[in-house]
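Remarks on the structure that follows.
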Amino acid sequence: MKKRLAVAFTGPSNSGKTTLILKVARKLLHDFKKEVAIIKHDPKDKARFDVEGKDSYKFSDTGAEVIVTSPNRTTYFSNRHKELDEMIRLFNDFDILLVEGLKNLPLPRISVFRDVLDEDYFPYMDALATDGSIELGNYKLPKNVDILDINNCEDVISWILKNAKEV
């Protein structure tokens, strides 16, 4: 089986996590020719993927595990919480897994911040991706936290390839 790597991104709302993950995923897919999988945590259960009244909604609303397949995509609907290992098995074939959120997962973690740092994230952070909007000297960062330029995708990818966990 080929080597598969996983890394997580954490940070407050509107810090740039999704934008950074999108840039990293596109570059890994197109420039590095890697298969990429993404897991996004929805802690407030706000995301909606189906429209009430449609067949897929009706099937999912029964509580069953549902797969909807078409010539262009396959969508999996689950009404059960899945642990990381279960989600990884659903993807099966990937080179790099990018996880947004789920700060308690045992994965190397890039914390994304702009303007101000929240020290509550420090115990979970292995790297800090930020821009010049934060005066890092005003904070007592944990030892061994790598500082990454949020605007330098190559910098972030290099860190991922070096530090991601094999899964």
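Residues in the structure tokens are named by chain (A, B, ... in the order shown) and by number from 1 within that chain; ligands are numbered from 1 in the order shown.
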
Near A:Ser78, within 9 Å and counting only C-alpha atoms, which residues show up once chain neighbours fewer than 2 positions away are dropped, as a compact mmCIF listing (two decimals) with N, CA, C and O atoms, in the first residue's frame?
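Heads up, here's the output in selection_31.txt:
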```txt
# COMPACT_ATOMS: atom_id res chain seq x y z
N SER A 60 -31.86 9.82 3.03
CA SER A 60 -31.02 10.16 4.16
C SER A 60 -31.85 10.41 5.42
O SER A 60 -31.46 10.05 6.52
N GLY A 63 -32.57 7.81 8.13
CA GLY A 63 -31.54 7.40 9.07
C GLY A 63 -30.59 6.38 8.48
O GLY A 63 -29.61 5.99 9.11
N ALA A 64 -30.86 5.94 7.24
CA ALA A 64 -30.00 4.97 6.57
C ALA A 64 -28.70 5.63 6.11
O ALA A 64 -28.64 6.84 5.93
N GLU A 65 -27.67 4.84 5.92
CA GLU A 65 -26.46 5.29 5.27
C GLU A 65 -26.77 5.31 3.77
O GLU A 65 -27.26 4.31 3.23
N VAL A 66 -26.48 6.40 3.07
CA VAL A 66 -26.92 6.56 1.69
C VAL A 66 -25.75 6.97 0.81
O VAL A 66 -24.97 7.85 1.18
N ILE A 67 -25.65 6.34 -0.35
CA ILE A 67 -24.71 6.76 -1.39
C ILE A 67 -25.51 7.14 -2.61
O ILE A 67 -26.38 6.38 -3.05
N TYR A 76 -21.73 10.52 -0.25
CA TYR A 76 -22.06 9.64 0.86
C TYR A 76 -22.73 10.45 1.95
O TYR A 76 -22.18 11.44 2.41
N ARG A 80 -24.49 9.18 11.16
CA ARG A 80 -23.73 8.71 12.31
C ARG A 80 -22.39 9.41 12.37
O ARG A 80 -21.79 9.70 11.34
N HIS A 81 -21.91 9.64 13.58
CA HIS A 81 -20.57 10.18 13.76
C HIS A 81 -19.56 9.13 13.30
O HIS A 81 -19.72 7.93 13.57
N LYS A 82 -18.53 9.56 12.61
CA LYS A 82 -17.47 8.66 12.17
C LYS A 82 -16.16 9.07 12.82
O LYS A 82 -15.84 10.26 12.89
```

Neighbouring residues of stretch 100-102 of chain A were defined as those with any atom within 6 Å, considering only C-alpha atoms; residues of the same chain fewer than 6 positions away were excluded. Please report them as a ChimeraX atom specification.
/A:8-10,40-41

Output file for the selection above: N, CA and C atoms, as a CSV table (one decimal), in the first residue's frame:
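Okay, out_34.csv is ready:
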```
chain,number,residue,atom,x,y,z
A,8,ALA,N,-3.7,18.4,9.9
A,8,ALA,CA,-4.9,19.1,10.2
A,8,ALA,C,-4.6,20.6,10.3
A,9,PHE,N,-5.7,21.4,10.0
A,9,PHE,CA,-5.7,22.8,10.1
A,9,PHE,C,-6.7,23.3,11.1
A,10,THR,N,-6.3,24.2,12.0
A,10,THR,CA,-7.2,24.7,13.0
A,10,THR,C,-7.0,26.2,13.1
A,40,LYS,N,-13.8,18.1,6.5
A,40,LYS,CA,-14.1,19.4,7.1
A,40,LYS,C,-15.0,19.1,8.3
A,41,HIS,N,-14.6,19.6,9.5
A,41,HIS,CA,-15.4,19.5,10.7
A,41,HIS,C,-16.5,20.6,10.7
```

Shell around A:Asp120 at 12 Å using only C-alpha atoms, local window under 6 positions removed, as a list in words:
Thr10, Gly11, Pro12, Lys103, Ser111, Leu141 and Pro142 of chain A

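With only C-alpha atoms taken into account, the protein and nucleic acid residues at most 12 Å from A:Pro106 (excluding it and anything under 6 positions from it in its own chain) are A:Ala6, A:Val7, A:Ala8, A:Glu83, A:Leu84, A:Asp85, A:Val99, A:Pro123, A:Tyr124, A:Met125, A:Asp126, A:Ala164, A:Lys165, A:Glu166, A:Val167.
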
The selected residues should be written to file as a compact mmCIF listing (two decimals), in the first residue's frame (atoms: C-alpha atoms).
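Output file result30.txt follows:
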```
# COMPACT_ATOMS: atom_id res chain seq x y z
CA ALA A 6 -2.52 13.39 7.02
CA VAL A 7 -2.34 16.86 8.52
CA ALA A 8 -4.92 19.09 10.21
CA GLU A 83 -14.06 8.35 13.81
CA LEU A 84 -10.99 9.37 11.76
CA ASP A 85 -10.10 5.76 10.88
CA VAL A 99 -8.47 17.95 7.83
CA PRO A 123 -1.59 23.08 23.01
CA TYR A 124 -2.75 21.81 19.62
CA MET A 125 -0.37 23.71 17.35
CA ASP A 126 2.68 22.26 15.61
CA ALA A 164 2.40 14.97 8.21
CA LYS A 165 1.47 11.73 9.94
CA GLU A 166 1.40 8.51 8.01
CA VAL A 167 -2.10 7.01 8.21
```

Polymer residues at most 10 Å from A:Ile150, only C-alpha atoms, same-chain spacing of 4 or more positions, as a PyMOL selection string:
chain A and resi 16-17+19-20+112-114+128-132+154-156

Please extract the residues of chain A with a backbone DSSP assignment of strand (DSSP E) and present them as a count of residues only.
38
